[in-house]
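Reproduced below: upload_22.cif, with mmCIF, C-alpha atoms.
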```
data_upload
#
loop_
_atom_site.label_atom_id
_atom_site.label_comp_id
_atom_site.auth_asym_id
_atom_site.auth_seq_id
_atom_site.Cartn_x
_atom_site.Cartn_y
_atom_site.Cartn_z
CA MET A 1 -8.48 19.35 9.20
CA GLU A 2 -8.12 16.03 10.98
CA ASP A 3 -5.63 13.52 9.58
CA GLN A 4 -7.97 10.54 9.10
CA ALA A 5 -5.10 8.17 8.28
CA ALA A 6 -3.29 9.06 11.50
CA VAL A 7 -6.51 8.55 13.46
CA LEU A 8 -6.98 5.11 11.88
CA ILE A 9 -3.35 4.12 12.48
CA ALA A 10 -3.64 5.23 16.13
CA THR A 11 -6.19 2.44 16.72
CA CYS A 12 -3.49 -0.21 16.12
CA SER A 13 -0.89 -1.76 18.40
CA PRO A 14 2.42 0.13 18.76
CA GLU A 15 4.16 -2.30 16.37
CA ILE A 16 1.52 -1.94 13.67
CA ARG A 17 1.40 1.85 14.19
CA ALA A 18 5.14 2.04 13.52
CA LEU A 19 4.93 -0.26 10.50
CA ALA A 20 1.90 1.50 8.99
CA GLY A 21 3.47 4.90 9.58
CA ALA A 22 6.67 3.82 7.85
CA ALA A 23 4.66 2.38 4.94
CA ARG A 24 2.69 5.62 4.64
CA ASP A 25 5.89 7.69 4.60
CA ARG A 26 7.45 5.44 1.95
CA LEU A 27 4.37 5.58 -0.30
CA ARG A 28 4.24 9.36 0.03
CA GLU A 29 7.88 9.46 -1.03
CA LEU A 30 7.41 7.16 -4.03
CA LEU A 31 3.99 8.51 -5.09
CA PRO A 32 4.21 12.27 -4.43
CA ASP A 33 1.46 13.12 -6.93
CA ALA A 34 -1.05 10.56 -5.61
CA SER A 35 -3.94 11.47 -3.33
CA GLU A 36 -4.39 9.72 -0.03
CA GLU A 37 -7.84 8.50 1.01
CA VAL A 38 -9.00 6.61 4.06
CA ASP A 39 -11.62 3.87 4.14
CA THR A 40 -12.17 3.47 7.87
CA SER A 41 -14.56 0.51 7.64
CA ALA A 42 -12.12 -1.45 5.46
CA ARG A 43 -9.12 -0.26 7.57
CA LEU A 44 -7.39 0.96 4.39
CA ILE A 45 -5.27 3.96 3.51
CA ALA A 46 -5.45 4.21 -0.26
CA PHE A 47 -3.10 6.01 -2.64
CA THR A 48 -4.95 6.95 -5.81
CA TYR A 49 -4.86 9.10 -8.91
CA ARG A 50 -8.68 9.35 -8.99
CA PRO A 51 -9.96 10.41 -5.59
CA GLY A 52 -13.42 9.20 -4.64
CA THR A 53 -13.19 5.96 -6.58
CA TYR A 54 -11.28 2.70 -6.42
CA LYS A 55 -10.71 2.91 -10.19
CA GLY A 56 -7.58 5.00 -9.72
CA LEU A 57 -6.23 2.96 -6.82
CA ILE A 58 -2.49 2.35 -7.05
CA VAL A 59 -1.75 0.74 -3.70
CA ALA A 60 -3.34 0.69 -0.27
CA ILE A 61 -2.11 0.07 3.23
CA ALA A 62 -4.35 -2.55 4.82
CA LEU A 63 -4.10 -2.71 8.61
CA HIS A 64 -4.23 -6.10 10.32
CA GLN A 65 -3.54 -7.15 13.91
CA ALA A 66 -0.14 -8.75 13.31
CA HIS A 67 0.98 -7.22 10.00
CA VAL A 68 0.31 -4.64 7.31
CA ASN A 69 -0.46 -5.50 3.70
CA LEU A 70 0.38 -3.32 0.75
CA MET A 71 -2.56 -4.06 -1.52
CA PHE A 72 -1.89 -3.64 -5.24
CA ALA A 73 -5.20 -3.15 -7.07
CA ARG A 74 -3.69 -4.37 -10.36
CA GLY A 75 -1.16 -6.72 -8.80
CA ALA A 76 -1.85 -9.55 -11.25
CA ASP A 77 -0.65 -7.21 -14.02
CA LEU A 78 2.62 -6.72 -12.14
CA LEU A 79 3.67 -10.38 -11.88
CA THR A 80 6.18 -10.09 -14.74
CA GLN A 81 7.80 -7.15 -12.92
CA ASP A 82 8.17 -9.09 -9.66
CA PRO A 83 11.29 -11.26 -10.14
CA THR A 84 11.74 -11.86 -6.41
CA ALA A 85 8.08 -12.92 -5.90
CA LEU A 86 7.12 -10.29 -3.34
CA LEU A 87 3.48 -10.33 -4.47
CA GLU A 88 1.18 -12.80 -2.74
CA GLY A 89 -2.39 -13.87 -3.36
CA THR A 90 -4.44 -15.55 -6.04
CA GLY A 91 -7.04 -12.92 -6.90
CA LYS A 92 -7.94 -12.20 -10.51
CA LYS A 93 -6.65 -8.63 -10.20
CA ALA A 94 -5.34 -7.73 -6.76
CA ARG A 95 -2.21 -8.97 -5.04
CA HIS A 96 -0.50 -7.90 -1.83
CA VAL A 97 2.88 -7.71 -0.16
CA LYS A 98 2.80 -8.68 3.50
CA LEU A 99 4.86 -6.43 5.77
CA THR A 100 5.98 -7.57 9.19
CA ASP A 101 9.26 -5.63 9.24
CA PRO A 102 9.80 -1.98 8.23
CA HIS A 103 13.11 -2.88 6.58
CA ARG A 104 11.19 -4.49 3.72
CA LEU A 105 10.02 -1.01 2.75
CA THR A 106 13.55 -0.18 1.60
CA ASP A 107 13.71 -3.19 -0.75
CA PRO A 108 14.45 -1.84 -4.26
CA ASP A 109 12.22 -4.56 -5.77
CA LEU A 110 9.28 -3.27 -3.73
CA ALA A 111 9.97 0.29 -4.92
CA THR A 112 9.99 -1.03 -8.50
CA LEU A 113 6.58 -2.67 -7.96
CA ILE A 114 5.12 0.52 -6.48
CA ARG A 115 6.40 2.62 -9.39
CA ALA A 116 5.13 0.06 -11.91
CA ALA A 117 1.70 0.08 -10.25
CA ALA A 118 1.64 3.87 -10.52
CA ALA A 119 2.57 3.69 -14.22
CA LEU A 120 -0.27 1.20 -14.87
CA THR A 121 -2.77 3.48 -13.19
CA LYS A 122 -1.83 6.84 -14.74
#
```

Let me see the structure of the file written as structure tokens.
Amino acid sequence: MEDQAAVLIATCSPEIRALAGAARDRLRELLPDASEEVDTSARLIAFTYRPGTYKGLIVAIALHQAHVNLMFARGADLLTQDPTALLEGTGKKARHVKLTDPHRLTDPDLATLIRAAAALTK
């Protein structure tokens, strides 16, 4: 079976490939019981508890030319658990964390946000 996420990531620049790959590894580590789904047209790799729907979406890797966003479907609900203001955006529900450096993936506050997003979704 073809790894659709790897195929999607391979379309990016070397820098974004490395960053997206590191983000994917980190999310797999923090969300071992989540399913991974790829939305090629949206350039997203989604981690979900309800495959086949965005209703169970925890977080997604959104690929851009110069950076990667970690998209939190219920990011607005996580604002009180984000003391260092990692979350960006003004949407009613979604927020994102912009990644330009793989070192940010080891930030304990980011791990806390990812775990909190998973708890909201379960």

Pick the closest to Arg74 of chain A from A:Leu30, A:Leu86, A:Leu113, A:Ile9: which is it, counting all atoms listed in the file?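 Ranked by minimum distance to Arg74 of chain A, first place goes to A:Leu113.
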
Here atom CA of Leu57 of chain A and atom CA of Arg24 of chain A stand apart by 14.8 Å

Determine the nearest neighbour of Val59 of chain A from the options A:His103, A:Lys92, A:Arg17, A:Arg28, counting only C-alpha atoms. A:Arg28

Which polymer residues have any atom within 9 Å of an atom of His64 of chain A, counting all atoms listed in the file, with same-chain residues fewer than 4 positions away left out, as a PyMOL selection string? chain A and resi 12+16+43+68-69

Which residues are near Pro32 of chain A? Cut-off 12 Å, all atoms listed in the file, ignore same chain within fewer than 3 positions. Put them as a list of chain:residue names.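 Counting only the stated atoms, we get A:Arg24, A:Asp25, A:Arg26, A:Leu27, A:Arg28, A:Glu29, A:Ser35, A:Glu36, A:Phe47, A:Thr48, A:Tyr49, A:Ile114, A:Arg115, A:Ala118.
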
Kindly indicate which residue among A:Leu110, A:Ala73, A:Ala6, A:Ile58 lies nearest to Arg95 of chain A, using all atoms listed in the file for the distances.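 With all atoms listed in the file as the atom set, the closest residue is A:Ala73.
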
Contacts of Leu19 of chain A at 9 Å (all atoms listed in the file; same-chain gap of 3+ positions) as a compact mmCIF listing (two decimals) with C-alpha atoms, in the coordinates of the input:
```txt
# COMPACT_ATOMS: atom_id res chain seq x y z
CA PRO A 14 2.42 0.13 18.76
CA GLU A 15 4.16 -2.30 16.37
CA ILE A 16 1.52 -1.94 13.67
CA ALA A 22 6.67 3.82 7.85
CA ALA A 23 4.66 2.38 4.94
CA ARG A 24 2.69 5.62 4.64
CA HIS A 67 0.98 -7.22 10.00
CA VAL A 68 0.31 -4.64 7.31
CA LEU A 99 4.86 -6.43 5.77
CA THR A 100 5.98 -7.57 9.19
CA ASP A 101 9.26 -5.63 9.24
CA PRO A 102 9.80 -1.98 8.23
```

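For Pro83 of chain A, the set of protein, DNA and RNA residues having any atom at most 12 Å away, when counting all atoms listed in the file and skipping those fewer than 3 positions along the same chain, is Leu78, Leu79, Thr80, Leu86, Leu87, Pro108, Asp109, Leu110, Thr112 and Leu113 of chain A.
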
Restricting it to C-alpha atoms, dump the selection as a CSV table (one decimal), in the coordinates of the input.
```csv
chain,number,residue,atom,x,y,z
A,78,LEU,CA,2.6,-6.7,-12.1
A,79,LEU,CA,3.7,-10.4,-11.9
A,80,THR,CA,6.2,-10.1,-14.7
A,86,LEU,CA,7.1,-10.3,-3.3
A,87,LEU,CA,3.5,-10.3,-4.5
A,108,PRO,CA,14.4,-1.8,-4.3
A,109,ASP,CA,12.2,-4.6,-5.8
A,110,LEU,CA,9.3,-3.3,-3.7
A,112,THR,CA,10.0,-1.0,-8.5
A,113,LEU,CA,6.6,-2.7,-8.0
```

Could you jot down the atom CA of Ala119 of chain A to atom CA of Ile45 of chain A separation for me, Å, one decimal place? 19.4 Å

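Excluding Asp77 of chain A itself and any same-chain residue fewer than 6 positions from it, the protein and nucleic acid residues within 10 Å of it, counting only C-alpha atoms, are Lys92, Lys93, Ala94, Arg95, Ala116, Ala117 and Leu120 of chain A.
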
Take atom CA of Pro51 of chain A and atom CA of Asp33 of chain A and report the distance between them in Å, one decimal.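 Rounded to one decimal, the two atoms are 11.8 Å apart.
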
Translate the PyMOL selection byres ((chain A and resi 8) around 12), as applied to the file shown, into an explicit residue set as a compact mmCIF listing (two decimals) with C-alpha atoms, keeping the file's coordinate frame.
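The result, stored in out30.txt:
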```txt
# COMPACT_ATOMS: atom_id res chain seq x y z
CA GLU A 2 -8.12 16.03 10.98
CA ASP A 3 -5.63 13.52 9.58
CA GLN A 4 -7.97 10.54 9.10
CA ALA A 5 -5.10 8.17 8.28
CA ALA A 6 -3.29 9.06 11.50
CA VAL A 7 -6.51 8.55 13.46
CA ILE A 9 -3.35 4.12 12.48
CA ALA A 10 -3.64 5.23 16.13
CA THR A 11 -6.19 2.44 16.72
CA CYS A 12 -3.49 -0.21 16.12
CA SER A 13 -0.89 -1.76 18.40
CA ILE A 16 1.52 -1.94 13.67
CA ARG A 17 1.40 1.85 14.19
CA ALA A 20 1.90 1.50 8.99
CA GLY A 21 3.47 4.90 9.58
CA GLU A 37 -7.84 8.50 1.01
CA VAL A 38 -9.00 6.61 4.06
CA ASP A 39 -11.62 3.87 4.14
CA THR A 40 -12.17 3.47 7.87
CA SER A 41 -14.56 0.51 7.64
CA ALA A 42 -12.12 -1.45 5.46
CA ARG A 43 -9.12 -0.26 7.57
CA LEU A 44 -7.39 0.96 4.39
CA ILE A 45 -5.27 3.96 3.51
CA ILE A 61 -2.11 0.07 3.23
CA ALA A 62 -4.35 -2.55 4.82
CA LEU A 63 -4.10 -2.71 8.61
CA HIS A 64 -4.23 -6.10 10.32
```

Determine the nearest neighbour of Asp82 of chain A from the options A:Leu105, A:Ala18, A:Ala34, A:Val97, counting all atoms listed in the file.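 Of A:Leu105, A:Ala18, A:Ala34, A:Val97, the one nearest Asp82 of chain A is A:Val97, counting all atoms listed in the file.
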
Could you model N, CA and C atoms for segment 92-122 of chain A and present them as a CSV table (one decimal), in the coordinates of the input?
```
chain,number,residue,atom,x,y,z
A,92,LYS,N,-8.0,-12.5,-9.1
A,92,LYS,CA,-7.9,-12.2,-10.5
A,92,LYS,C,-7.2,-10.9,-10.8
A,93,LYS,N,-7.3,-9.9,-10.0
A,93,LYS,CA,-6.6,-8.6,-10.2
A,93,LYS,C,-5.7,-8.2,-9.1
A,94,ALA,N,-6.1,-8.3,-7.9
A,94,ALA,CA,-5.3,-7.7,-6.8
A,94,ALA,C,-4.3,-8.7,-6.3
A,95,ARG,N,-3.2,-8.2,-5.7
A,95,ARG,CA,-2.2,-9.0,-5.0
A,95,ARG,C,-1.7,-8.1,-3.9
A,96,HIS,N,-1.0,-8.7,-3.0
A,96,HIS,CA,-0.5,-7.9,-1.8
A,96,HIS,C,0.9,-8.3,-1.5
A,97,VAL,N,1.6,-7.4,-0.8
A,97,VAL,CA,2.9,-7.7,-0.2
A,97,VAL,C,2.7,-7.6,1.3
A,98,LYS,N,3.0,-8.7,2.0
A,98,LYS,CA,2.8,-8.7,3.5
A,98,LYS,C,4.0,-8.1,4.2
A,99,LEU,N,3.8,-7.1,5.1
A,99,LEU,CA,4.9,-6.4,5.8
A,99,LEU,C,4.8,-6.8,7.3
A,100,THR,N,5.9,-7.3,7.7
A,100,THR,CA,6.0,-7.6,9.2
A,100,THR,C,7.2,-6.8,9.8
A,101,ASP,N,8.0,-6.3,8.9
A,101,ASP,CA,9.3,-5.6,9.2
A,101,ASP,C,9.4,-4.4,8.4
A,102,PRO,N,9.7,-3.2,9.0
A,102,PRO,CA,9.8,-2.0,8.2
A,102,PRO,C,11.0,-2.0,7.3
A,103,HIS,N,12.0,-2.8,7.5
A,103,HIS,CA,13.1,-2.9,6.6
A,103,HIS,C,12.7,-3.3,5.2
A,104,ARG,N,11.7,-4.1,5.0
A,104,ARG,CA,11.2,-4.5,3.7
A,104,ARG,C,10.8,-3.3,2.9
A,105,LEU,N,10.4,-2.2,3.5
A,105,LEU,CA,10.0,-1.0,2.8
A,105,LEU,C,11.2,-0.4,2.0
A,106,THR,N,12.4,-0.7,2.3
A,106,THR,CA,13.6,-0.2,1.6
A,106,THR,C,14.0,-1.1,0.5
A,107,ASP,N,13.4,-2.2,0.3
A,107,ASP,CA,13.7,-3.2,-0.8
A,107,ASP,C,13.5,-2.5,-2.1
A,108,PRO,N,14.6,-2.5,-2.9
A,108,PRO,CA,14.4,-1.8,-4.3
A,108,PRO,C,13.4,-2.5,-5.1
A,109,ASP,N,13.2,-3.8,-5.0
A,109,ASP,CA,12.2,-4.6,-5.8
A,109,ASP,C,10.8,-4.1,-5.4
A,110,LEU,N,10.6,-3.8,-4.1
A,110,LEU,CA,9.3,-3.3,-3.7
A,110,LEU,C,9.1,-1.9,-4.3
A,111,ALA,N,10.1,-1.0,-4.3
A,111,ALA,CA,10.0,0.3,-4.9
A,111,ALA,C,9.7,0.2,-6.4
A,112,THR,N,10.3,-0.8,-7.1
A,112,THR,CA,10.0,-1.0,-8.5
A,112,THR,C,8.5,-1.4,-8.7
A,113,LEU,N,8.0,-2.3,-7.9
A,113,LEU,CA,6.6,-2.7,-8.0
A,113,LEU,C,5.7,-1.5,-7.7
A,114,ILE,N,6.0,-0.6,-6.8
A,114,ILE,CA,5.1,0.5,-6.5
A,114,ILE,C,5.1,1.5,-7.7
A,115,ARG,N,6.3,1.7,-8.2
A,115,ARG,CA,6.4,2.6,-9.4
A,115,ARG,C,5.7,2.0,-10.6
A,116,ALA,N,5.8,0.7,-10.8
A,116,ALA,CA,5.1,0.1,-11.9
A,116,ALA,C,3.6,0.1,-11.7
A,117,ALA,N,3.1,0.0,-10.5
A,117,ALA,CA,1.7,0.1,-10.2
A,117,ALA,C,1.2,1.5,-10.6
A,118,ALA,N,2.0,2.5,-10.2
A,118,ALA,CA,1.6,3.9,-10.5
A,118,ALA,C,1.6,4.1,-12.0
A,119,ALA,N,2.5,3.5,-12.8
A,119,ALA,CA,2.6,3.7,-14.2
A,119,ALA,C,1.4,3.0,-14.9
A,120,LEU,N,0.9,1.9,-14.3
A,120,LEU,CA,-0.3,1.2,-14.9
A,120,LEU,C,-1.5,2.0,-14.7
A,121,THR,N,-1.6,2.8,-13.6
A,121,THR,CA,-2.8,3.5,-13.2
A,121,THR,C,-2.9,4.8,-13.8
A,122,LYS,N,-1.8,5.5,-14.2
A,122,LYS,CA,-1.8,6.8,-14.7
A,122,LYS,C,-2.5,6.9,-16.1
```
